[in-house]
>>> print(open('data.csv').read())   # CSV, C-alpha atoms
chain,number,residue,atom,x,y,z
U,1,MET,CA,62.4,81.3,109.7
U,2,ALA,CA,66.1,82.4,109.5
U,3,LYS,CA,65.5,85.1,112.1
U,4,LYS,CA,63.7,82.6,114.4
U,5,GLU,CA,66.6,80.2,114.2
U,6,MET,CA,69.1,83.0,115.1
U,7,LYS,CA,67.0,83.9,118.2
U,8,GLU,CA,67.0,80.3,119.3
U,9,MET,CA,70.8,80.0,119.1
U,10,THR,CA,72.5,79.5,122.5
U,11,VAL,CA,75.4,81.5,123.6
U,12,GLU,CA,77.6,78.5,123.1
U,13,GLU,CA,76.5,78.2,119.4
U,14,LYS,CA,77.0,81.9,118.9
U,15,LEU,CA,80.5,81.8,120.2
U,16,LYS,CA,81.3,78.7,118.1
U,17,SER,CA,79.9,80.4,114.9
U,18,LEU,CA,81.9,83.6,115.7
U,19,TYR,CA,85.1,81.6,116.2
U,20,GLN,CA,84.6,79.7,112.9
U,21,LEU,CA,83.9,83.0,111.2
U,22,GLN,CA,87.1,84.4,112.7
U,23,ILE,CA,89.1,81.4,111.3
U,24,ALA,CA,87.6,82.0,107.8
U,25,LEU,CA,88.3,85.7,107.9
U,26,SER,CA,91.9,85.2,109.2
U,27,GLY,CA,92.4,82.7,106.3
U,28,ILE,CA,91.3,85.5,103.8
U,29,ASP,CA,93.7,87.9,105.6
U,30,GLU,CA,96.6,85.5,105.1
U,31,LYS,CA,95.8,85.2,101.4
U,32,ARG,CA,95.9,88.9,101.1
U,33,ALA,CA,99.1,89.1,103.1
U,34,LEU,CA,100.7,86.9,100.5
U,35,ARG,CA,100.2,89.7,98.0
U,36,GLY,CA,102.1,92.0,100.3
U,37,GLU,CA,102.6,95.5,98.9
U,38,LEU,CA,102.1,94.4,95.3
U,39,PRO,CA,98.6,95.9,94.9
U,40,LEU,CA,99.9,99.2,96.2
U,41,GLU,CA,103.0,99.1,94.1
U,42,VAL,CA,100.8,98.4,91.0
U,43,GLN,CA,98.6,101.3,91.9
U,44,ASP,CA,101.6,103.6,92.4
U,45,LEU,CA,103.1,102.6,89.1
U,46,GLU,CA,99.8,103.2,87.3
U,47,ASP,CA,99.5,106.7,88.9
U,48,GLU,CA,103.1,107.5,88.0
U,49,ILE,CA,102.6,106.4,84.4
U,50,GLU,CA,99.5,108.5,84.2
U,51,GLY,CA,101.5,111.5,85.5
U,52,LEU,CA,104.3,110.8,83.0
U,53,THR,CA,101.7,110.6,80.2
U,54,LEU,CA,100.3,114.0,81.1
U,55,ARG,CA,103.8,115.4,81.4
U,56,VAL,CA,104.9,114.1,78.0
U,57,GLU,CA,101.7,115.5,76.4
U,58,LYS,CA,102.4,118.9,78.0
U,59,ILE,CA,106.1,118.9,76.8
U,60,LYS,CA,105.0,118.0,73.2
U,61,HIS,CA,102.4,120.8,73.4
U,62,GLU,CA,105.2,123.3,74.5
U,63,ILE,CA,107.6,122.1,71.7
U,64,GLN,CA,104.8,122.6,69.1
U,65,GLU,CA,104.2,126.1,70.5
U,66,PHE,CA,107.9,127.0,70.2
U,67,LYS,CA,107.9,125.6,66.6
U,68,ASP,CA,104.9,127.6,65.7
U,69,ALA,CA,106.6,130.7,67.2
U,70,VAL,CA,109.7,130.0,65.0
U,71,VAL,CA,107.5,129.8,61.9
U,72,GLN,CA,105.8,133.0,62.8
U,73,LYS,CA,109.1,134.9,63.4
U,74,LYS,CA,110.4,133.6,60.1
U,75,GLY,CA,107.3,135.0,58.4
U,76,GLU,CA,107.9,138.3,60.2
U,77,ILE,CA,111.5,138.3,59.0
U,78,ALA,CA,110.4,137.6,55.4
U,79,ASN,CA,108.0,140.6,55.6
U,80,ALA,CA,110.7,142.8,57.2
U,81,GLU,CA,113.3,141.9,54.5
U,82,SER,CA,110.7,142.6,51.8
U,83,SER,CA,110.0,146.0,53.3
U,84,LEU,CA,113.7,146.6,53.8
U,85,THR,CA,114.4,145.9,50.1
U,86,ARG,CA,111.6,148.2,49.0
U,87,TYR,CA,112.8,151.0,51.3
U,88,GLN,CA,116.4,150.7,50.1
U,89,GLN,CA,115.1,151.0,46.5
U,90,GLN,CA,113.1,154.0,47.4
U,91,LEU,CA,116.1,155.6,49.0
U,92,ASN,CA,117.7,156.0,45.6
U,93,ASP,CA,114.7,158.1,44.5
U,94,VAL,CA,114.3,160.5,47.4
U,95,LYS,CA,113.6,164.1,46.6
U,96,ASN,CA,114.4,165.8,49.9
U,97,ASN,CA,115.9,165.3,53.3
U,98,ARG,CA,112.6,164.6,55.0
U,99,GLU,CA,111.9,161.6,52.7
U,100,TYR,CA,115.5,160.4,53.3
U,101,ASP,CA,115.2,160.6,57.1
U,102,THR,CA,111.9,158.8,57.0
U,103,LEU,CA,113.2,156.0,54.8
U,104,THR,CA,116.4,155.7,56.9
U,105,LYS,CA,114.3,155.3,60.0
U,106,GLU,CA,112.2,152.6,58.4
U,107,ILE,CA,115.3,150.8,57.2
U,108,GLU,CA,116.7,150.9,60.7
U,109,TYR,CA,113.5,149.8,62.2
U,110,GLN,CA,113.1,146.8,59.8
U,111,THR,CA,116.8,145.9,60.4
U,112,LEU,CA,116.2,145.9,64.2
U,113,GLU,CA,113.0,143.9,63.7
U,114,ILE,CA,114.9,141.2,61.8
U,115,GLU,CA,117.6,141.1,64.5
U,116,LEU,CA,114.9,140.8,67.2
U,117,CYS,CA,113.1,138.0,65.3
U,118,ASN,CA,116.4,136.1,64.8
U,119,LYS,CA,117.0,136.4,68.6
U,120,LYS,CA,113.6,135.1,69.4
U,121,ILE,CA,114.2,132.2,66.9
U,122,ARG,CA,117.5,131.3,68.6
U,123,GLU,CA,115.8,131.3,72.0
U,124,ALA,CA,112.9,129.2,70.7
U,125,ASP,CA,115.4,126.7,69.1
U,126,LEU,CA,117.2,126.5,72.5
U,127,ARG,CA,113.9,125.8,74.3
U,128,ILE,CA,112.9,123.3,71.7
U,129,GLN,CA,116.2,121.5,72.2
U,130,GLU,CA,115.8,121.5,76.0
U,131,ARG,CA,112.2,120.4,76.0
U,132,THR,CA,113.1,117.7,73.4
U,133,GLU,CA,115.7,116.3,75.8
U,134,ASP,CA,113.1,116.4,78.6
U,135,LEU,CA,110.7,114.6,76.3
U,136,GLU,CA,113.2,111.9,75.6
U,137,ARG,CA,113.9,111.4,79.3
U,138,ASN,CA,110.3,111.2,80.3
U,139,GLU,CA,109.4,108.9,77.4
U,140,ALA,CA,112.3,106.6,78.4
U,141,LEU,CA,111.2,106.7,82.0
U,142,MET,CA,107.6,105.9,81.0
U,143,VAL,CA,108.8,102.9,79.0
U,144,GLU,CA,110.8,101.7,82.0
U,145,ARG,CA,107.8,102.2,84.4
U,146,LYS,CA,105.5,100.4,82.0
U,147,GLY,CA,107.9,97.4,82.0
U,148,ASP,CA,107.9,97.5,85.8
U,149,LEU,CA,104.1,97.6,85.9
U,150,GLU,CA,103.9,94.6,83.5
U,151,ASP,CA,106.3,92.6,85.8
U,152,LYS,CA,104.3,93.6,89.0
U,153,LYS,CA,101.0,92.8,87.3
U,154,ASN,CA,102.3,89.4,86.2
U,155,GLU,CA,103.6,88.7,89.7
U,156,LEU,CA,100.4,89.7,91.3
U,157,GLY,CA,98.4,87.7,88.8
U,158,GLU,CA,100.4,84.5,89.6
U,159,ILE,CA,99.7,85.0,93.4
U,160,MET,CA,96.0,85.7,92.7
U,161,ASP,CA,95.7,82.6,90.5
U,162,GLU,CA,97.3,80.5,93.3
U,163,THR,CA,95.0,81.8,96.1
U,164,ARG,CA,91.8,82.6,94.2
U,165,ALA,CA,90.1,79.2,94.6
U,166,GLU,CA,90.9,78.9,98.3
U,167,GLU,CA,90.1,82.5,99.0
U,168,GLU,CA,86.7,82.2,97.2
U,169,LYS,CA,86.0,79.1,99.3
U,170,LEU,CA,86.8,81.0,102.5
U,171,ARG,CA,84.6,83.9,101.4
U,172,ASN,CA,81.7,81.5,100.8
U,173,GLU,CA,82.2,80.0,104.3
U,174,ALA,CA,82.4,83.4,105.9
U,175,SER,CA,79.2,84.6,104.1
U,176,GLU,CA,77.3,81.4,105.2
U,177,LEU,CA,78.4,81.8,108.8
U,178,GLU,CA,77.4,85.5,108.8
U,179,THR,CA,73.8,84.6,108.0
U,180,LYS,CA,73.7,82.4,111.2
U,181,ILE,CA,74.9,85.2,113.5
U,182,GLU,CA,72.5,87.8,114.8
U,183,THR,CA,73.0,91.2,113.3
U,184,ARG,CA,73.9,93.1,116.5
U,185,LEU,CA,76.5,90.6,117.6
U,186,LEU,CA,78.0,90.4,114.0
U,187,THR,CA,78.2,94.2,113.8
U,188,SER,CA,80.0,94.3,117.2
U,189,PHE,CA,82.4,91.5,116.1
U,190,LYS,CA,83.3,93.3,112.9
U,191,ARG,CA,83.9,96.6,114.7
U,192,ILE,CA,86.2,94.9,117.2
U,193,ARG,CA,88.0,93.1,114.4
U,194,LYS,CA,88.4,96.3,112.5
U,195,ASN,CA,90.0,98.1,115.5
U,196,ALA,CA,92.3,95.1,116.3
U,197,ARG,CA,95.8,95.3,114.9
U,198,ASN,CA,95.9,91.6,114.1
U,199,GLY,CA,92.3,91.4,112.9
U,200,LEU,CA,91.2,89.1,115.7
U,201,GLY,CA,87.8,89.9,117.0
U,202,ILE,CA,87.4,86.7,119.1
U,203,VAL,CA,90.2,84.9,120.9
U,204,TYR,CA,90.5,82.0,123.3
U,205,VAL,CA,92.0,82.1,126.8
U,206,GLN,CA,95.7,81.1,126.9
U,207,ARG,CA,97.5,80.6,130.2
U,208,ASP,CA,94.9,82.5,132.2
U,209,ALA,CA,95.3,85.5,129.9
U,210,CYS,CA,93.5,87.1,126.9
U,211,GLY,CA,94.7,85.5,123.6
U,212,GLY,CA,94.7,89.0,122.0
U,213,CYS,CA,96.4,91.4,124.4
U,214,PHE,CA,97.8,88.8,126.8
U,215,ASN,CA,96.5,90.6,129.9
U,216,LYS,CA,95.6,88.3,132.9
U,217,ILE,CA,92.0,87.3,133.3
U,218,PRO,CA,90.6,87.0,136.9
U,219,PRO,CA,89.6,83.5,138.0
U,220,GLN,CA,85.9,84.3,138.4
U,221,ARG,CA,85.9,85.8,134.8
U,222,GLN,CA,87.6,82.6,133.5
U,223,LEU,CA,84.9,80.6,135.2
U,224,ASP,CA,82.2,82.7,133.5
U,225,ILE,CA,83.8,82.1,130.1
U,226,LYS,CA,83.8,78.3,130.7
U,227,MET,CA,80.1,78.4,131.6
U,228,HIS,CA,79.2,79.8,128.1
U,229,LYS,CA,76.2,81.6,129.6
U,230,LYS,CA,76.9,85.0,128.1
U,231,VAL,CA,79.2,86.8,125.7
U,232,ILE,CA,82.2,88.1,127.6
U,233,VAL,CA,84.8,90.6,126.3
U,234,CYS,CA,88.3,91.4,127.5
U,235,GLU,CA,88.2,94.4,129.8
U,236,TYR,CA,91.6,95.6,128.3
U,237,CYS,CA,91.3,95.2,124.5
U,238,GLY,CA,87.6,94.6,124.0
U,239,ARG,CA,87.9,91.3,122.1
U,240,ILE,CA,85.3,88.6,122.6
U,241,LEU,CA,86.7,85.7,124.8
U,242,ILE,CA,86.0,82.1,124.2
U,243,ASP,CA,86.9,78.9,126.1
U,244,PRO,CA,89.7,77.0,124.2
U,245,GLU,CA,87.8,73.8,124.6
U,246,LEU,CA,84.7,75.3,122.9
U,247,ALA,CA,87.0,76.8,120.2
U,248,GLY,CA,88.3,73.2,119.6
U,249,VAL,CA,91.8,74.2,120.6
U,250,LYS,CA,93.9,71.8,122.6
U,251,LEU,CA,96.4,73.6,124.9
U,252,ASP,CA,99.5,71.9,126.0
U,253,THR,CA,99.4,71.4,129.8
U,254,PRO,CA,102.7,72.3,131.4
U,255,VAL,CA,104.4,69.3,133.0
U,256,GLN,CA,105.3,70.0,136.6
U,257,GLU,CA,108.8,68.8,137.6
U,258,LYS,CA,109.2,66.9,140.8
U,259,PRO,CA,111.2,68.9,143.4
U,260,LYS,CA,114.7,67.5,143.6
U,261,ARG,CA,115.8,66.1,147.0
U,262,LYS,CA,118.6,68.1,148.6
U,263,ARG,CA,121.8,66.2,149.1
U,264,ALA,CA,123.1,66.2,152.7
U,265,THR,CA,126.4,68.2,153.0
U,266,LYS,CA,129.5,66.7,154.5
U,267,LYS,CA,129.2,69.1,157.4
U,268,SER,CA,125.7,67.9,158.3
U,269,GLU,CA,126.8,64.3,158.0
U,270,LYS,CA,129.6,64.8,160.4
U,271,SER,CA,127.3,66.5,162.9
U,272,GLU,CA,124.9,63.6,162.7
U,273,GLU,CA,127.9,61.2,163.5
U,274,ALA,CA,128.9,63.3,166.4
U,275,GLU,CA,125.4,63.2,167.8
U,276,GLY,CA,125.4,59.4,167.4
>>> encode(input="data.csv", output="structure tokens")
Amino acid sequence: MAKKEMKEMTVEEKLKSLYQLQIALSGIDEKRALRGELPLEVQDLEDEIEGLTLRVEKIKHEIQEFKDAVVQKKGEIANAESSLTRYQQQLNDVKNNREYDTLTKEIEYQTLEIELCNKKIREADLRIQERTEDLERNEALMVERKGDLEDKKNELGEIMDETRAEEEKLRNEASELETKIETRLLTSFKRIRKNARNGLGIVYVQRDACGGCFNKIPPQRQLDIKMHKKVIVCEYCGRILIDPELAGVKLDTPVQEKPKRKRATKKSEKSEEAEG
């Protein structure tokens, strides 16, 4: 039955339904415009916080690795010192030069090993200090961004609360109107609206011009629009055109001023007297 009703709709009824749909959709666009850039700002802040969270976790992981390296090097120092003490004790009991040279080399090696480990520990401590400072900066920035996000979400929530009921009403109106319009025409309208910068898919004629792109419409085409016999689109921007009267729009008719009478100049007055 619904399909049958759609087929029986006149062009006039189709145009009226399309224009009413445009009004409802423009109303929804206005409600979205009230939110401005807030949804994007919220998304950007959420993405930034997610990135900061990953960065903080990475820094913590690096700090832990450096700490583990320090523990490992301290263990190596302890082993080297233990070996060094043992070799020094054995040095007192050497029986020949060969044993002495071997122990001396081991003592030298363990001493160098201790020095190298201490150097690695100092480097690791420096890196721990640097990364700890980075961690503190990023954690402070994350706290700041979370505060900004909370503020933006609250601001967006207030706007959403104010417009939710009216937007829902407009959505229901738009959905109901869409069921009355044939699929092909509705698809064309949505495509035109999507490509239009101001979101207008159907516009009324204003001062002999398209209400979307403001290009002049030839008189014959204006007459066709007033006849409501077929759906006519603007040859410049592709928007569907509707007669303002059919759209329920009252246009102000420009008041024509009466031409002012020219005052006779003194010279012409004198010439008239001379002729008399």
>>> residues_around(input="data.csv", residues="U:Arg221", least_positions_apart="3", cutoff="10 Å", atoms="only C-alpha atoms", output="PyMOL selection string")
chain U and resi 208+217-218+224-227+232-234
>>> atom_distance(input="data.csv", atom1="atom CA of U:Ile59", atom2="atom CA of U:Ile77")
26.9 Å
>>> closest_residue(input="data.csv", among="U:Leu40, U:Leu15, U:Ile159, U:Met9", to="U:Ala247", atoms="all atoms listed in the file")
U:Leu15
>>> closest_residue(input="data.csv", among="U:Thr132, U:Ser82, U:Thr102, U:Asn138", to="U:Ile63", atoms="only C-alpha atoms")
U:Thr132
>>> closest_residue(input="data.csv", among="U:Lys16, U:Arg122, U:Arg35, U:Lys58", to="U:Arg164", atoms="all atoms listed in the file")
U:Arg35
>>> decode(input="data.csv", residues="stretch 216-255 of chain U", atoms="N, CA and C atoms", output="short mmCIF file (atom, residue, chain, number, x, y, z; two decimals), in the first residue's frame")
data_model
loop_
_atom_site.label_atom_id
_atom_site.label_comp_id
_atom_site.auth_asym_id
_atom_site.auth_seq_id
_atom_site.Cartn_x
_atom_site.Cartn_y
_atom_site.Cartn_z
N LYS U 216 20.94 33.32 -12.43
CA LYS U 216 19.65 33.68 -13.00
C LYS U 216 18.98 32.48 -13.69
N ILE U 217 17.64 32.43 -13.56
CA ILE U 217 16.86 31.34 -14.18
C ILE U 217 16.07 31.96 -15.33
N PRO U 218 16.14 31.37 -16.52
CA PRO U 218 15.39 31.91 -17.66
C PRO U 218 13.89 31.95 -17.37
N PRO U 219 13.16 32.93 -17.95
CA PRO U 219 11.71 33.08 -17.70
C PRO U 219 10.91 31.81 -18.00
N GLN U 220 11.23 31.13 -19.11
CA GLN U 220 10.48 29.92 -19.47
C GLN U 220 10.65 28.83 -18.40
N ARG U 221 11.90 28.74 -17.89
CA ARG U 221 12.17 27.74 -16.85
C ARG U 221 11.44 28.10 -15.56
N GLN U 222 11.35 29.39 -15.26
CA GLN U 222 10.60 29.84 -14.07
C GLN U 222 9.13 29.48 -14.20
N LEU U 223 8.62 29.61 -15.42
CA LEU U 223 7.22 29.26 -15.67
C LEU U 223 6.99 27.77 -15.46
N ASP U 224 7.95 26.95 -15.93
CA ASP U 224 7.86 25.50 -15.74
C ASP U 224 7.86 25.13 -14.26
N ILE U 225 8.67 25.86 -13.48
CA ILE U 225 8.74 25.62 -12.02
C ILE U 225 7.40 25.93 -11.37
N LYS U 226 6.76 27.04 -11.82
CA LYS U 226 5.47 27.43 -11.26
C LYS U 226 4.35 26.44 -11.63
N MET U 227 4.52 25.76 -12.75
CA MET U 227 3.50 24.82 -13.21
C MET U 227 3.46 23.52 -12.39
N HIS U 228 4.58 23.18 -11.73
CA HIS U 228 4.66 21.96 -10.88
C HIS U 228 4.36 20.68 -11.66
N LYS U 229 4.75 20.66 -12.92
CA LYS U 229 4.47 19.48 -13.74
C LYS U 229 5.60 18.46 -13.71
N LYS U 230 6.80 18.92 -13.42
CA LYS U 230 7.94 18.01 -13.34
C LYS U 230 8.99 18.57 -12.39
N VAL U 231 9.88 17.68 -11.93
CA VAL U 231 10.95 18.09 -11.02
C VAL U 231 12.05 18.75 -11.86
N ILE U 232 12.35 19.99 -11.54
CA ILE U 232 13.34 20.76 -12.31
C ILE U 232 14.52 21.09 -11.41
N VAL U 233 15.71 20.92 -11.97
CA VAL U 233 16.93 21.21 -11.20
C VAL U 233 17.65 22.40 -11.82
N CYS U 234 18.45 23.07 -11.00
CA CYS U 234 19.24 24.21 -11.47
C CYS U 234 20.33 23.70 -12.41
N GLU U 235 20.44 24.33 -13.58
CA GLU U 235 21.43 23.88 -14.57
C GLU U 235 22.85 24.23 -14.16
N TYR U 236 23.01 25.06 -13.12
CA TYR U 236 24.35 25.46 -12.66
C TYR U 236 24.84 24.63 -11.47
N CYS U 237 23.98 24.49 -10.43
CA CYS U 237 24.43 23.80 -9.21
C CYS U 237 23.77 22.43 -9.01
N GLY U 238 22.73 22.12 -9.80
CA GLY U 238 22.10 20.80 -9.71
C GLY U 238 21.06 20.67 -8.61
N ARG U 239 20.78 21.75 -7.85
CA ARG U 239 19.78 21.68 -6.79
C ARG U 239 18.37 21.63 -7.39
N ILE U 240 17.48 20.97 -6.67
CA ILE U 240 16.08 20.91 -7.09
C ILE U 240 15.44 22.27 -6.82
N LEU U 241 14.66 22.77 -7.78
CA LEU U 241 14.06 24.10 -7.65
C LEU U 241 12.56 23.97 -7.36
N ILE U 242 12.08 24.83 -6.49
CA ILE U 242 10.66 24.83 -6.12
C ILE U 242 10.14 26.25 -6.11
N ASP U 243 8.89 26.40 -6.48
CA ASP U 243 8.23 27.70 -6.47
C ASP U 243 8.08 28.17 -5.01
N PRO U 244 8.44 29.42 -4.69
CA PRO U 244 8.33 29.88 -3.29
C PRO U 244 6.93 29.74 -2.72
N GLU U 245 5.92 29.96 -3.55
CA GLU U 245 4.53 29.84 -3.08
C GLU U 245 4.23 28.41 -2.64
N LEU U 246 4.72 27.44 -3.41
CA LEU U 246 4.53 26.03 -3.07
C LEU U 246 5.31 25.68 -1.80
N ALA U 247 6.47 26.33 -1.61
CA ALA U 247 7.29 26.09 -0.42
C ALA U 247 6.72 26.78 0.82
N GLY U 248 5.70 27.62 0.60
CA GLY U 248 5.09 28.33 1.73
C GLY U 248 5.91 29.52 2.17
N VAL U 249 6.69 30.06 1.24
CA VAL U 249 7.55 31.20 1.55
C VAL U 249 6.96 32.46 0.93
N LYS U 250 6.81 33.50 1.74
CA LYS U 250 6.31 34.77 1.23
C LYS U 250 7.49 35.70 0.98
N LEU U 251 7.66 36.06 -0.27
CA LEU U 251 8.76 36.95 -0.64
C LEU U 251 8.27 38.38 -0.65
N ASP U 252 9.11 39.27 -0.15
CA ASP U 252 8.77 40.70 -0.16
C ASP U 252 8.86 41.23 -1.58
N THR U 253 7.77 41.79 -2.06
CA THR U 253 7.79 42.37 -3.41
C THR U 253 8.38 43.77 -3.34
N PRO U 254 9.40 44.05 -4.15
CA PRO U 254 10.03 45.37 -4.10
C PRO U 254 9.06 46.48 -4.50
N VAL U 255 9.00 47.53 -3.71
CA VAL U 255 8.12 48.67 -3.99
C VAL U 255 8.77 49.55 -5.03
#
